[in-house]
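Asks: Contents of work09.cif (mmCIF, C-alpha atoms and all ligand atoms) are given next:
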data_structure
#
loop_
_atom_site.label_atom_id
_atom_site.label_comp_id
_atom_site.auth_asym_id
_atom_site.auth_seq_id
_atom_site.Cartn_x
_atom_site.Cartn_y
_atom_site.Cartn_z
CA MET A 248 14.97 11.57 0.10
CA SER A 249 14.83 10.24 -3.46
CA PHE A 250 13.16 7.00 -4.39
CA GLU A 251 16.48 5.67 -5.73
CA LYS A 252 18.10 6.15 -2.32
CA LEU A 253 15.15 4.52 -0.57
CA LYS A 254 15.21 1.35 -2.68
CA PRO A 255 18.26 -0.27 -0.99
CA GLU A 256 16.83 0.60 2.43
CA VAL A 257 13.59 -1.18 1.51
CA VAL A 258 15.59 -4.24 0.40
CA THR A 259 17.63 -4.26 3.62
CA ILE A 260 14.48 -4.23 5.76
CA LEU A 261 12.79 -6.96 3.72
CA GLN A 262 15.85 -9.22 3.73
CA ASN A 263 16.24 -9.11 7.53
CA GLU A 264 15.54 -12.72 8.39
CA ALA A 265 15.99 -12.04 12.12
CA ILE A 266 12.43 -10.67 12.29
CA THR A 267 9.05 -11.90 11.04
CA VAL A 268 7.73 -11.05 7.60
CA THR A 269 4.97 -8.94 9.15
CA ASP A 270 7.54 -6.98 11.16
CA ARG A 271 9.55 -6.42 7.98
CA LEU A 272 6.43 -5.18 6.16
CA HIS A 273 5.77 -2.88 9.09
CA GLY A 274 9.34 -1.62 8.83
CA VAL A 275 8.77 -0.72 5.19
CA CYS A 276 5.54 1.12 6.11
CA GLN A 277 7.48 3.02 8.79
CA LEU A 278 10.34 3.91 6.41
CA LEU A 279 8.00 5.19 3.72
CA SER A 280 5.82 7.11 6.15
CA ASP A 281 8.87 8.66 7.85
CA THR A 282 10.73 9.67 4.69
CA ILE A 283 8.09 10.63 2.13
CA SER A 284 6.36 13.74 3.42
CA TYR A 285 3.07 13.19 1.59
CA TYR A 286 2.72 9.48 2.63
CA ASP A 287 0.48 9.89 5.68
CA TRP A 288 -0.92 6.36 5.98
CA VAL A 289 0.94 3.35 4.57
CA GLY A 290 -0.38 -0.20 4.78
CA PHE A 291 -0.39 -3.65 3.24
CA TYR A 292 -3.61 -5.56 2.59
CA PHE A 293 -3.64 -9.22 1.51
CA LYS A 294 -6.33 -11.60 0.26
CA ASN A 295 -7.91 -13.21 3.31
CA GLY A 296 -7.49 -16.95 2.72
CA ASP A 297 -10.09 -18.23 0.26
CA LYS A 298 -12.44 -15.33 0.91
CA GLU A 299 -13.17 -12.64 -1.65
CA GLU A 300 -11.93 -9.97 0.71
CA LEU A 301 -8.79 -8.12 1.74
CA LYS A 302 -7.38 -8.18 5.24
CA LEU A 303 -5.13 -5.46 6.65
CA ARG A 304 -1.81 -7.04 7.67
CA THR A 305 0.16 -4.07 8.96
CA TYR A 306 0.21 -0.29 8.64
CA VAL A 307 1.61 2.98 9.93
CA GLY A 308 -0.72 5.93 10.40
CA GLU A 309 -4.03 6.68 11.97
CA GLU A 310 -5.98 3.67 13.23
CA THR A 311 -8.57 2.46 10.72
CA ASP A 312 -11.86 0.54 11.08
CA HIS A 313 -11.34 -0.92 7.62
CA THR A 314 -9.34 -4.00 8.45
CA ILE A 315 -11.49 -6.15 6.14
CA ILE A 316 -12.50 -4.88 2.69
CA PRO A 317 -14.69 -6.96 0.34
CA PHE A 318 -13.43 -7.35 -3.24
CA GLY A 319 -14.95 -4.61 -5.41
CA LYS A 320 -15.49 -2.19 -2.52
CA GLY A 321 -13.54 1.04 -2.23
CA ILE A 322 -10.30 1.80 -4.02
CA CYS A 323 -8.61 -1.24 -2.46
CA GLY A 324 -11.40 -3.64 -3.33
CA GLN A 325 -11.42 -2.40 -6.92
CA VAL A 326 -7.67 -3.01 -7.27
CA ALA A 327 -8.15 -6.55 -5.93
CA VAL A 328 -10.23 -7.28 -9.05
CA SER A 329 -8.72 -4.93 -11.67
CA ASN A 330 -5.06 -5.98 -11.10
CA GLU A 331 -4.09 -2.41 -11.95
CA ASN A 332 -2.65 0.56 -10.10
CA PHE A 333 -5.28 3.03 -8.93
CA VAL A 334 -4.16 6.63 -8.44
CA VAL A 335 -6.77 8.90 -6.89
CA PRO A 336 -5.78 12.59 -7.01
CA ASP A 337 -8.97 13.66 -5.21
CA VAL A 338 -10.84 11.13 -3.08
CA LYS A 339 -13.95 13.33 -3.06
CA ALA A 340 -14.38 12.71 -6.80
CA GLN A 341 -14.70 8.91 -6.23
CA ASP A 342 -18.10 7.22 -5.81
CA ASN A 343 -16.72 3.84 -4.79
CA TYR A 344 -14.48 5.02 -1.98
CA ILE A 345 -14.16 4.00 1.69
CA ALA A 346 -13.18 6.99 3.80
CA CYS A 347 -10.76 6.21 6.61
CA SER A 348 -10.14 9.73 7.83
CA ILE A 349 -11.54 13.13 6.91
CA THR A 350 -8.00 14.49 6.52
CA VAL A 351 -7.25 12.22 3.53
CA LYS A 352 -7.20 14.01 0.16
CA ALA A 353 -5.60 11.46 -2.18
CA GLU A 354 -4.79 7.77 -2.36
CA ILE A 355 -2.65 5.34 -4.36
CA VAL A 356 -3.07 1.57 -4.40
CA VAL A 357 -0.63 -0.72 -6.22
CA PRO A 358 -1.35 -4.46 -6.52
CA LEU A 359 1.17 -7.04 -5.32
CA PHE A 360 1.69 -10.11 -7.48
CA LYS A 361 3.17 -13.46 -6.47
CA ASP A 362 3.68 -15.95 -9.31
CA GLY A 363 1.40 -13.81 -11.49
CA GLU A 364 -1.44 -13.76 -8.98
CA ASN A 365 -2.79 -10.59 -7.38
CA ILE A 366 -2.44 -11.50 -3.69
CA GLY A 367 -2.45 -8.10 -2.02
CA GLN A 368 -1.56 -4.47 -2.31
CA ILE A 369 0.20 -1.51 -0.85
CA ASP A 370 -2.13 1.35 0.02
CA ILE A 371 -1.03 4.94 0.68
CA ASP A 372 -3.25 7.78 1.85
CA SER A 373 -2.13 11.38 1.57
CA ASN A 374 -3.36 14.51 3.29
CA THR A 375 -1.92 16.49 0.35
CA PRO A 376 -4.14 16.92 -2.74
CA ASP A 377 -2.94 15.28 -5.96
CA PRO A 378 0.61 14.39 -4.78
CA PHE A 379 1.26 11.12 -6.67
CA THR A 380 3.18 10.83 -9.96
CA ALA A 381 4.32 7.98 -12.19
CA GLU A 382 7.48 7.92 -10.05
CA ASP A 383 5.45 6.88 -7.02
CA GLU A 384 3.86 4.12 -9.09
CA ARG A 385 7.24 2.81 -10.30
CA PHE A 386 8.67 2.96 -6.77
CA LEU A 387 5.72 1.16 -5.19
CA GLU A 388 5.82 -1.49 -7.93
CA PHE A 389 9.48 -2.01 -6.97
CA VAL A 390 8.53 -2.33 -3.28
CA ASN A 391 5.87 -4.92 -4.09
CA LEU A 392 8.25 -6.95 -6.26
CA GLU A 393 10.70 -7.04 -3.35
CA VAL A 394 7.92 -8.02 -0.92
CA ALA A 395 6.80 -10.85 -3.23
CA LYS A 396 10.31 -12.34 -2.99
CA ILE A 397 9.94 -12.98 0.75
CA LEU A 398 6.37 -14.32 0.69
N1 LIG B 401 -9.67 4.29 1.22
C1 LIG B 401 -9.57 2.87 1.02
C2 LIG B 401 -9.85 2.13 2.30
C3 LIG B 401 -8.65 1.82 3.09
S1 LIG B 401 -8.06 3.13 3.95
O1 LIG B 401 -7.48 4.08 2.95
C4 LIG B 401 -6.90 2.72 5.01
C5 LIG B 401 -10.52 2.42 -0.06
O2 LIG B 401 -11.33 3.20 -0.55
O3 LIG B 401 -10.44 1.26 -0.42
#
Once more with this new file: its structure as structure tokens, please.
Ligand code: SME

Replies:
Amino acid sequence: MSFEKLKPEVVTILQNEAITVTDRLHGVCQLLSDTISYYDWVGFYFKNGDKEELKLRTYVGEETDHTIIPFGKGICGQVAVSNENFVVPDVKAQDNYIACSITVKAEIVVPLFKDGENIGQIDIDSNTPDPFTAEDERFLEFVNLEVAKIL
């Protein structure tokens, strides 16, 4: 399935006011994990209140211990402070990395902005080495823009 075909499906899920925002975010995680073969773990982290840490809101994939991640720690924590996409083709080459599962080979984290503020992120783990391209970045930026509209 192409990213262009997925975009309206993402919008439909996010605009479904009959269910909670968290359930809609979970629906997006499920859609992406089901339709993109190399998206093996898909989750949304958000800033935890006033704390300098991220909290896992919802995800699809293997259970993780890393439901709270301090700013600066791991790929996610680095994106919380850099405000920039972080594409990791090979997680083994990263010093500041929090391993969730030994099967994970690559990761992409894209920050989510609301009114110009970095309030969270979408995080994807892949069991395929080096699978992410600029197209994934553009698509995930689109997803986050659509999410920001309902927050
Ligand atoms: N690998 C991430 C931690 C979160 S898990 O991928 C679910 C990191 O280094 O921040």

Asks: Skip A:Asp372 itself and residues of its chain fewer than 2 positions away, then list as a PyMOL selection string all residues within 7 Å of it, counting all atoms listed in the file.

Replies: chain A and resi 286-289+351+353-355+370+374

Asks: Residues at most 8 Å from ligand LIG 401 (chain B), using only C-alpha atoms and all ligand atoms? Could they come as JSON, numbers by chain?

Replies: {"A": [288, 289, 290, 311, 313, 314, 316, 320, 321, 322, 323, 324, 325, 343, 344, 345, 346, 347, 348, 354, 370, 371, 372]}

Asks: Using only C-alpha atoms, which of A:Glu393, A:Arg271, A:Leu279, A:Val335 sits nearest A:Thr380?

Replies: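 Going through A:Glu393, A:Arg271, A:Leu279, A:Val335 one by one, the smallest distance to A:Thr380 is for A:Val335.
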
Asks: I'd like the interatomic distance between atom CA of A:Glu299 and atom CA of A:Ile266, to a tenth of an Å.

Replies: 29.2 Å

Asks: Counting only C-alpha atoms, which residue out of A:Glu251, A:Glu384, A:Asp377, A:Glu364 sits closest to A:Ala327?

Replies: A:Glu364

Asks: Provide stretch 344-367 of chain A rebuilt to N, CA and C atoms, formatted as a short mmCIF file (atom, residue, chain, number, x, y, z; two decimals), in the frame of the given file.

Replies:
data_model
loop_
_atom_site.label_atom_id
_atom_site.label_comp_id
_atom_site.auth_asym_id
_atom_site.auth_seq_id
_atom_site.Cartn_x
_atom_site.Cartn_y
_atom_site.Cartn_z
N TYR A 344 -15.62 4.66 -2.83
CA TYR A 344 -14.48 5.02 -1.98
C TYR A 344 -14.86 4.78 -0.53
N ILE A 345 -13.94 4.21 0.25
CA ILE A 345 -14.16 4.00 1.69
C ILE A 345 -13.31 5.02 2.44
N ALA A 346 -13.93 5.96 3.09
CA ALA A 346 -13.18 6.99 3.80
C ALA A 346 -12.65 6.45 5.11
N CYS A 347 -11.36 6.64 5.35
CA CYS A 347 -10.76 6.21 6.61
C CYS A 347 -10.63 7.39 7.55
N SER A 348 -10.34 8.56 7.00
CA SER A 348 -10.14 9.73 7.83
C SER A 348 -10.53 10.97 7.01
N ILE A 349 -11.10 11.95 7.66
CA ILE A 349 -11.54 13.13 6.91
C ILE A 349 -10.37 13.97 6.41
N THR A 350 -9.17 13.70 6.95
CA THR A 350 -8.00 14.49 6.52
C THR A 350 -7.43 14.01 5.18
N VAL A 351 -7.84 12.80 4.74
CA VAL A 351 -7.25 12.22 3.53
C VAL A 351 -7.78 12.92 2.27
N LYS A 352 -6.83 13.31 1.41
CA LYS A 352 -7.20 14.01 0.16
C LYS A 352 -6.98 13.14 -1.07
N ALA A 353 -5.99 12.24 -1.00
CA ALA A 353 -5.60 11.46 -2.18
C ALA A 353 -5.15 10.07 -1.74
N GLU A 354 -5.15 9.15 -2.70
CA GLU A 354 -4.79 7.77 -2.36
C GLU A 354 -4.13 7.10 -3.57
N ILE A 355 -3.22 6.17 -3.30
CA ILE A 355 -2.65 5.34 -4.36
C ILE A 355 -2.63 3.90 -3.87
N VAL A 356 -3.09 2.99 -4.73
CA VAL A 356 -3.07 1.57 -4.40
C VAL A 356 -2.40 0.84 -5.56
N VAL A 357 -1.39 0.03 -5.21
CA VAL A 357 -0.63 -0.72 -6.22
C VAL A 357 -0.71 -2.21 -5.87
N PRO A 358 -1.20 -3.03 -6.82
CA PRO A 358 -1.35 -4.46 -6.52
C PRO A 358 -0.01 -5.17 -6.37
N LEU A 359 -0.03 -6.25 -5.61
CA LEU A 359 1.17 -7.04 -5.32
C LEU A 359 0.96 -8.44 -5.89
N PHE A 360 1.84 -8.82 -6.79
CA PHE A 360 1.69 -10.11 -7.48
C PHE A 360 2.73 -11.11 -7.00
N LYS A 361 2.25 -12.34 -6.77
CA LYS A 361 3.17 -13.46 -6.47
C LYS A 361 2.87 -14.55 -7.49
N ASP A 362 3.87 -14.96 -8.25
CA ASP A 362 3.68 -15.95 -9.31
C ASP A 362 2.51 -15.57 -10.23
N GLY A 363 2.42 -14.29 -10.55
CA GLY A 363 1.40 -13.81 -11.49
C GLY A 363 0.03 -13.58 -10.90
N GLU A 364 -0.13 -13.90 -9.62
CA GLU A 364 -1.44 -13.76 -8.98
C GLU A 364 -1.48 -12.52 -8.10
N ASN A 365 -2.58 -11.79 -8.20
CA ASN A 365 -2.79 -10.59 -7.38
C ASN A 365 -3.17 -11.03 -5.96
N ILE A 366 -2.20 -10.96 -5.04
CA ILE A 366 -2.44 -11.50 -3.69
C ILE A 366 -2.58 -10.41 -2.63
N GLY A 367 -2.36 -9.18 -3.02
CA GLY A 367 -2.45 -8.10 -2.02
C GLY A 367 -2.14 -6.77 -2.64
#
